[in-house]
$ cat upload26.csv   # CSV, C-alpha atoms
chain,number,residue,atom,x,y,z
Q,1,ALA,CA,-63.6,-68.6,108.7
Q,2,ASN,CA,-65.6,-65.5,108.3
Q,3,MET,CA,-64.6,-64.3,111.7
Q,4,LEU,CA,-60.9,-65.0,110.9
Q,5,SER,CA,-60.9,-63.2,107.7
Q,6,SER,CA,-62.6,-60.2,109.2
Q,7,ALA,CA,-60.0,-60.1,112.0
Q,8,LEU,CA,-57.2,-60.3,109.4
Q,9,LEU,CA,-58.8,-57.5,107.4
Q,10,SER,CA,-59.1,-55.3,110.4
Q,11,ALA,CA,-55.5,-55.9,111.4
Q,12,ALA,CA,-54.3,-55.0,107.9
Q,13,ARG,CA,-56.4,-51.8,107.9
Q,14,SER,CA,-55.0,-50.8,111.3
Q,15,ALA,CA,-51.4,-51.6,110.1
Q,16,SER,CA,-51.9,-49.5,107.0
Q,17,ALA,CA,-53.3,-46.7,109.1
Q,18,VAL,CA,-50.3,-46.8,111.4
Q,19,ALA,CA,-47.9,-46.8,108.5
Q,20,SER,CA,-49.7,-43.9,106.8
Q,21,SER,CA,-49.7,-41.9,110.1
Q,22,GLY,CA,-45.9,-42.6,110.5
Q,23,ALA,CA,-45.1,-41.5,107.0
Q,24,ALA,CA,-47.2,-38.4,107.5
Q,25,CYS,CA,-45.3,-37.7,110.7
Q,26,ARG,CA,-42.0,-38.2,109.0
Q,27,LEU,CA,-43.0,-35.9,106.1
Q,28,GLY,CA,-44.1,-33.2,108.6
Q,29,ALA,CA,-40.8,-33.4,110.5
Q,30,ALA,CA,-38.9,-33.1,107.2
Q,31,SER,CA,-40.9,-30.2,106.0
Q,32,SER,CA,-40.4,-28.4,109.3
Q,33,LEU,CA,-36.7,-29.0,109.1
Q,34,LEU,CA,-36.5,-27.6,105.6
Q,35,ARG,CA,-38.4,-24.6,106.7
Q,36,ARG,CA,-36.0,-24.0,109.6
Q,37,ARG,CA,-33.0,-24.3,107.3
Q,38,ALA,CA,-34.4,-22.1,104.6
Q,39,ALA,CA,-35.3,-19.3,106.9
Q,40,PRO,CA,-31.6,-18.4,107.8
Q,41,ALA,CA,-30.6,-18.8,104.2
Q,42,ALA,CA,-33.2,-16.3,103.2
Q,43,ALA,CA,-32.2,-13.9,106.0
Q,44,GLN,CA,-28.5,-14.3,105.2
Q,45,PRO,CA,-28.2,-11.2,103.0
Q,46,LEU,CA,-29.8,-9.1,105.7
Q,47,SER,CA,-27.2,-10.5,108.2
Q,48,THR,CA,-24.2,-9.9,105.8
Q,49,ALA,CA,-25.2,-6.3,105.1
Q,50,ALA,CA,-24.0,-5.1,108.5
Q,51,PRO,CA,-20.4,-6.6,108.2
Q,52,ALA,CA,-20.2,-5.2,104.7
Q,53,ALA,CA,-21.1,-1.7,105.9
Q,54,ALA,CA,-18.6,-2.0,108.8
Q,55,ALA,CA,-15.9,-3.1,106.4
Q,56,SER,CA,-16.6,-0.2,104.0
Q,57,SER,CA,-16.5,2.3,106.9
Q,58,ALA,CA,-13.2,0.8,108.1
Q,59,SER,CA,-11.6,1.0,104.7
Q,60,ALA,CA,-12.8,4.6,104.4
Q,61,ASP,CA,-11.2,5.4,107.8
Q,62,GLY,CA,-8.0,3.8,106.7
Q,63,ALA,CA,-7.9,5.8,103.4
Q,64,ASP,CA,-8.6,9.0,105.3
Q,65,SER,CA,-5.8,8.2,107.8
Q,66,ALA,CA,-3.4,7.4,104.9
Q,67,SER,CA,-4.2,10.7,103.2
Q,68,ARG,CA,-3.5,12.6,106.4
Q,69,GLU,CA,0.3,13.2,106.8
Q,70,VAL,CA,1.9,13.9,110.1
Q,71,VAL,CA,4.1,17.0,110.0
Q,72,ASN,CA,6.9,17.4,112.6
Q,73,PHE,CA,8.4,20.9,112.9
Q,74,LEU,CA,12.2,21.1,113.3
Q,75,THR,CA,13.0,22.6,116.7
Q,76,LEU,CA,16.0,22.5,118.9
Q,77,ASN,CA,14.7,19.6,121.0
Q,78,ASN,CA,14.4,17.2,118.0
Q,79,LEU,CA,17.4,18.4,116.0
Q,80,SER,CA,19.8,15.5,115.3
Q,81,ASP,CA,21.8,13.9,112.6
Q,82,ASN,CA,20.4,11.3,110.2
Q,83,PRO,CA,20.7,7.7,111.5
Q,84,GLY,CA,24.1,6.3,110.6
Q,85,ALA,CA,25.5,9.7,109.7
Q,86,ARG,CA,28.0,9.7,112.6
Q,87,ARG,CA,30.0,6.8,113.7
Q,88,TYR,CA,31.8,7.2,117.1
Q,89,GLY,CA,35.3,6.0,117.3
Q,90,ARG,CA,36.3,3.1,119.6
Q,91,ARG,CA,37.5,4.3,123.0
Q,92,ILE,CA,40.6,2.6,124.2
Q,93,GLY,CA,41.5,1.6,127.7
Q,94,ARG,CA,37.9,1.1,128.8
Q,95,GLY,CA,38.0,-2.6,129.8
Q,96,ILE,CA,38.3,-5.9,128.0
Q,97,GLY,CA,34.7,-5.7,126.8
Q,98,SER,CA,35.7,-3.0,124.3
Q,99,SER,CA,38.4,-5.2,122.7
Q,100,LYS,CA,40.8,-2.3,123.3
Q,101,GLY,CA,41.2,-2.4,127.0
Q,102,LYS,CA,44.2,-2.9,129.2
Q,103,THR,CA,47.1,-2.5,126.7
Q,104,SER,CA,44.9,-0.5,124.3
Q,105,GLY,CA,46.0,-2.5,121.3
Q,106,ARG,CA,49.7,-1.7,121.8
Q,107,GLY,CA,50.8,-5.1,123.0
Q,108,HIS,CA,53.2,-5.6,126.0
Q,109,LYS,CA,56.1,-3.2,126.5
Q,110,GLY,CA,58.5,-2.3,123.8
Q,111,GLN,CA,59.5,0.9,122.1
Q,112,LYS,CA,56.2,1.3,120.2
Q,113,ALA,CA,54.1,0.7,123.4
Q,114,ARG,CA,55.5,3.8,125.1
Q,115,ALA,CA,53.8,7.1,125.1
Q,116,GLY,CA,55.3,9.9,122.9
Q,117,SER,CA,57.8,7.5,121.3
Q,118,GLY,CA,58.1,5.3,118.3
Q,119,VAL,CA,60.3,4.7,115.3
Q,120,HIS,CA,60.7,7.2,112.5
Q,121,PRO,CA,58.7,6.5,109.4
Q,122,THR,CA,61.9,6.1,107.3
Q,123,PHE,CA,63.5,3.7,109.8
Q,124,GLU,CA,64.4,0.4,108.2
Q,125,GLY,CA,65.8,-1.6,111.1
Q,126,GLY,CA,69.2,-0.1,111.1
Q,127,GLN,CA,70.2,-0.5,107.5
Q,128,THR,CA,70.9,2.5,105.3
Q,129,LYS,CA,67.7,4.4,104.6
Q,130,LEU,CA,66.3,4.7,101.1
Q,131,TYR,CA,66.7,8.5,100.9
Q,132,LYS,CA,70.4,8.0,101.7
Q,133,ARG,CA,70.9,5.3,99.1
Q,134,LEU,CA,69.4,7.3,96.2
Q,135,PRO,CA,71.8,9.7,94.3
Q,136,LYS,CA,71.3,13.4,94.6
Q,137,ARG,CA,71.4,15.8,91.6
Q,138,GLY,CA,71.0,19.5,91.4
Q,139,PHE,CA,69.7,21.9,94.0
Q,140,THR,CA,66.8,24.3,94.6
Q,141,ASN,CA,67.6,27.9,94.1
Q,142,VAL,CA,65.9,29.8,96.9
Q,143,HIS,CA,66.6,33.1,95.2
Q,144,ALA,CA,64.9,32.1,91.9
Q,145,GLU,CA,62.2,34.5,90.5
Q,146,GLU,CA,59.3,32.5,89.1
Q,147,MET,CA,58.1,33.8,85.8
Q,148,VAL,CA,54.8,33.2,84.1
Q,149,PRO,CA,55.5,31.7,80.6
Q,150,VAL,CA,53.6,33.1,77.6
Q,151,ASN,CA,54.2,31.9,74.1
Q,152,VAL,CA,54.2,34.1,70.9
Q,153,GLY,CA,51.7,31.7,69.4
Q,154,THR,CA,49.3,32.5,72.3
Q,155,LEU,CA,49.7,36.2,71.5
Q,156,GLN,CA,48.7,35.5,67.9
Q,157,ASP,CA,45.7,33.5,69.0
Q,158,TYR,CA,44.4,36.3,71.2
Q,159,ILE,CA,45.0,38.8,68.4
Q,160,ASP,CA,42.9,36.7,66.0
Q,161,MET,CA,40.1,36.5,68.6
Q,162,GLY,CA,40.2,40.3,69.0
Q,163,ARG,CA,40.9,40.1,72.7
Q,164,LEU,CA,44.4,41.6,72.4
Q,165,PRO,CA,44.4,44.8,70.3
Q,166,LEU,CA,47.5,45.7,68.3
Q,167,PRO,CA,49.0,49.1,69.1
Q,168,ALA,CA,49.1,51.5,66.2
Q,169,ASP,CA,52.1,53.4,65.1
Q,170,GLY,CA,53.1,55.9,67.7
Q,171,ASP,CA,51.1,54.1,70.5
Q,172,GLN,CA,52.6,52.6,73.6
Q,173,PRO,CA,53.7,49.0,73.3
Q,174,LEU,CA,51.8,46.2,75.0
Q,175,THR,CA,52.5,45.8,78.7
Q,176,LEU,CA,51.9,43.1,81.4
Q,177,LYS,CA,48.6,44.9,82.2
Q,178,ASP,CA,47.4,44.4,78.7
Q,179,LEU,CA,48.1,40.7,78.8
Q,180,VAL,CA,46.2,40.4,82.1
Q,181,ASP,CA,43.3,42.4,80.8
Q,182,ALA,CA,43.1,40.2,77.7
Q,183,GLY,CA,42.8,37.1,80.0
Q,184,ILE,CA,46.1,35.5,79.0
Q,185,THR,CA,47.1,35.1,82.7
Q,186,LYS,CA,45.8,36.2,86.1
Q,187,ALA,CA,47.2,39.2,88.0
Q,188,SER,CA,47.6,37.0,91.1
Q,189,SER,CA,49.9,34.6,89.2
Q,190,VAL,CA,52.3,37.3,88.1
Q,191,LYS,CA,54.6,37.6,91.1
Q,192,HIS,CA,58.0,38.4,89.4
Q,193,GLY,CA,57.0,39.0,85.8
Q,194,ILE,CA,56.2,37.3,82.5
Q,195,LYS,CA,58.7,35.6,80.2
Q,196,LEU,CA,57.9,35.4,76.5
Q,197,LEU,CA,58.8,32.0,74.9
Q,198,GLY,CA,59.1,31.0,71.2
Q,199,LYS,CA,56.4,28.2,70.9
Q,200,GLY,CA,54.3,28.8,67.9
Q,201,GLN,CA,56.8,31.2,66.3
Q,202,TYR,CA,55.9,30.1,62.8
Q,203,ARG,CA,52.2,31.1,63.3
Q,204,LEU,CA,53.1,34.6,64.4
Q,205,ARG,CA,52.4,37.1,61.5
Q,206,SER,CA,51.3,40.3,63.3
Q,207,PRO,CA,53.8,43.0,64.1
Q,208,ILE,CA,53.7,43.2,67.9
Q,209,LYS,CA,55.2,45.9,70.0
Q,210,ILE,CA,55.5,44.5,73.5
Q,211,GLU,CA,57.4,45.0,76.8
Q,212,VAL,CA,57.8,42.0,79.1
Q,213,SER,CA,60.1,41.1,81.9
Q,214,ARG,CA,62.1,38.6,79.9
Q,215,ALA,CA,62.1,36.9,76.5
Q,216,SER,CA,63.9,34.0,74.9
Q,217,ASP,CA,66.1,34.3,71.9
Q,218,LYS,CA,63.5,32.4,69.7
Q,219,ALA,CA,60.7,34.7,70.8
Q,220,ILE,CA,62.8,37.8,70.1
Q,221,ALA,CA,63.7,36.5,66.6
Q,222,ALA,CA,60.1,35.6,65.8
Q,223,ILE,CA,58.7,39.0,66.8
Q,224,GLU,CA,61.4,40.8,64.8
Q,225,ARG,CA,60.8,38.6,61.8
Q,226,ALA,CA,57.1,39.5,61.9
Q,227,GLY,CA,58.0,43.3,61.9
Q,228,GLY,CA,57.5,43.9,65.6
Q,229,GLU,CA,59.8,45.0,68.4
$ encode --input "upload26.csv" --output "structure tokens"
Amino acid sequence: ANMLSSALLSAARSASAVASSGAACRLGAASSLLRRRAAPAAAQPLSTAAPAAAASSASADGADSASREVVNFLTLNNLSDNPGARRYGRRIGRGIGSSKGKTSGRGHKGQKARAGSGVHPTFEGGQTKLYKRLPKRGFTNVHAEEMVPVNVGTLQDYIDMGRLPLPADGDQPLTLKDLVDAGITKASSVKHGIKLLGKGQYRLRSPIKIEVSRASDKAIAAIERAGGE
């Protein structure tokens, strides 16, 4: 019995020793694994410093290139219109691929397909044309002399503005040159003369002495009523 108990005790001691050695081995392996994992983590800031520096240098180069502007001088070899400024017309008679080939959009035969021909713009298929159906009145006098109209009220306005001076007693009357100099009309517009009309006759109050090409009866009466001639 003593021998059996001593044998069991030795076996238990050996088993506990084996178990403790296995646990120590496992703890050593775990600690070494943790050390291996912690070493790259600690060295990670050192490894990320290089990409950060590279990224910063790349951004600096990009900003520098963006700040630099390429300047192209205008010379004869690069002189051209802006894109889309000129549209070339469709050429006819250059094959079916151009959609205007063969008959060139004129169809087959007929009066309007011939060269140098076609119907008159006022042609209405044979019926009486519009300009023949409309009544005609009056005529155009080819010998008419076109006059520049000037109203007596306009003369009074220019006198009030001080742009048309009134001739004093004994002075020469106003002429066409005086009216042009005052800006009432242009010299290039006066081809055959100036005709004085009576619009604004009741506003005329200045005695005007004037010489014009023609004058209406109302204009003459208004000037004489104001004391002019």
$ residues_around --input "upload26.csv" --residues "Pro207 (chain Q)" --least-positions-apart "6" --cutoff "9 Å" --atoms "only C-alpha atoms" --output "ChimeraX atom specification"
/Q:166,223-229
$ closest_residue --input "upload26.csv" --among "Q:His192, Q:Arg106, Q:Arg114, Q:Lys209" --to "Leu164 (chain Q)" --atoms "all atoms listed in the file"
Q:Lys209
$ residues_around --input "upload26.csv" --residues "Gly183 (chain Q)" --least-positions-apart "4" --cutoff "10 Å" --atoms "all atoms listed in the file" --output "MDAnalysis selection string"
chainID Q and resid 158 163:164 177:179 187
$ write_last_selection --input "upload26.csv" --atoms "C-alpha atoms" --output "PDB file, in the coordinates of the input"
ATOM      1  CA  TYR Q 158      44.400  36.300  71.200  1.00  0.00           C
ATOM      2  CA  ARG Q 163      40.900  40.100  72.700  1.00  0.00           C
ATOM      3  CA  LEU Q 164      44.400  41.600  72.400  1.00  0.00           C
ATOM      4  CA  LYS Q 177      48.600  44.900  82.200  1.00  0.00           C
ATOM      5  CA  ASP Q 178      47.400  44.400  78.700  1.00  0.00           C
ATOM      6  CA  LEU Q 179      48.100  40.700  78.800  1.00  0.00           C
ATOM      7  CA  ALA Q 187      47.200  39.200  88.000  1.00  0.00           C
TER       8      ALA Q 187
END
$ atom_distance --input "upload26.csv" --atom1 "CA of Thr185 (chain Q)" --atom2 "CA of Asp157 (chain Q)"
13.9 Å
$ closest_residue --input "upload26.csv" --among "Q:Leu130, Q:Leu196, Q:Ile208, Q:Leu155" --to "Gln172 (chain Q)" --atoms "only C-alpha atoms"
Q:Ile208
$ residues_around --input "upload26.csv" --residues "Gly101 (chain Q)" --least-positions-apart "6" --cutoff "9 Å" --atoms "all atoms listed in the file" --output "ChimeraX atom specification"
/Q:91-95
$ residues_around --input "upload26.csv" --residues "Met147 (chain Q)" --least-positions-apart "3" --cutoff "6 Å" --atoms "all atoms listed in the file" --output "list of chain:residue names"
Q:His192, Q:Gly193, Q:Ile194, Q:Lys195
$ atom_distance --input "upload26.csv" --atom1 "CA of Glu69 (chain Q)" --atom2 "CA of Asp81 (chain Q)"
22.3 Å
$ build_atoms --input "upload26.csv" --residues "region 151-172 of chain Q" --atoms "N, CA and C atoms" --output "tab-separated table (two decimals), in the coordinates of the input"
chain	number	residue	atom	x	y	z
Q	151	ASN	N	53.65	32.18	75.37
Q	151	ASN	CA	54.20	31.90	74.10
Q	151	ASN	C	53.75	32.91	73.03
Q	152	VAL	N	54.60	33.12	72.00
Q	152	VAL	CA	54.20	34.10	70.90
Q	152	VAL	C	53.04	33.55	70.14
Q	153	GLY	N	52.87	32.21	70.07
Q	153	GLY	CA	51.70	31.70	69.40
Q	153	GLY	C	50.41	32.00	70.14
Q	154	THR	N	50.48	32.06	71.47
Q	154	THR	CA	49.30	32.50	72.30
Q	154	THR	C	48.94	33.91	71.99
Q	155	LEU	N	49.94	34.77	71.85
Q	155	LEU	CA	49.70	36.20	71.50
Q	155	LEU	C	48.93	36.28	70.19
Q	156	GLN	N	49.37	35.48	69.19
Q	156	GLN	CA	48.70	35.50	67.90
Q	156	GLN	C	47.26	35.02	67.97
Q	157	ASP	N	47.03	34.01	68.79
Q	157	ASP	CA	45.70	33.50	69.00
Q	157	ASP	C	44.75	34.56	69.56
Q	158	TYR	N	45.23	35.26	70.57
Q	158	TYR	CA	44.40	36.30	71.20
Q	158	TYR	C	44.20	37.50	70.28
Q	159	ILE	N	45.17	37.76	69.42
Q	159	ILE	CA	45.00	38.80	68.40
Q	159	ILE	C	43.93	38.44	67.42
Q	160	ASP	N	43.94	37.17	66.98
Q	160	ASP	CA	42.90	36.70	66.00
Q	160	ASP	C	41.53	36.71	66.63
Q	161	MET	N	41.42	36.45	67.93
Q	161	MET	CA	40.10	36.50	68.60
Q	161	MET	C	39.64	37.90	68.86
Q	162	GLY	N	40.52	38.88	68.73
Q	162	GLY	CA	40.20	40.30	69.00
Q	162	GLY	C	40.22	40.64	70.46
Q	163	ARG	N	40.82	39.81	71.26
Q	163	ARG	CA	40.90	40.10	72.70
Q	163	ARG	C	42.18	40.87	73.05
Q	164	LEU	N	43.15	40.86	72.15
Q	164	LEU	CA	44.40	41.60	72.40
Q	164	LEU	C	44.57	42.57	71.21
Q	165	PRO	N	44.30	43.86	71.44
Q	165	PRO	CA	44.40	44.80	70.30
Q	165	PRO	C	45.87	45.14	70.02
Q	166	LEU	N	46.15	45.30	68.74
Q	166	LEU	CA	47.50	45.70	68.30
Q	166	LEU	C	47.67	47.18	68.46
Q	167	PRO	N	48.78	47.61	69.05
Q	167	PRO	CA	49.00	49.10	69.10
Q	167	PRO	C	49.34	49.64	67.77
Q	168	ALA	N	48.78	50.80	67.50
Q	168	ALA	CA	49.10	51.50	66.20
Q	168	ALA	C	50.41	52.16	66.28
Q	169	ASP	N	50.80	52.73	65.14
Q	169	ASP	CA	52.10	53.40	65.10
Q	169	ASP	C	52.05	54.65	66.00
Q	170	GLY	N	53.06	54.77	66.81
Q	170	GLY	CA	53.10	55.90	67.70
Q	170	GLY	C	52.48	55.60	69.08
Q	171	ASP	N	51.74	54.48	69.20
Q	171	ASP	CA	51.10	54.10	70.50
Q	171	ASP	C	52.14	53.43	71.38
Q	172	GLN	N	51.76	53.34	72.66
Q	172	GLN	CA	52.60	52.60	73.60
Q	172	GLN	C	52.58	51.13	73.32
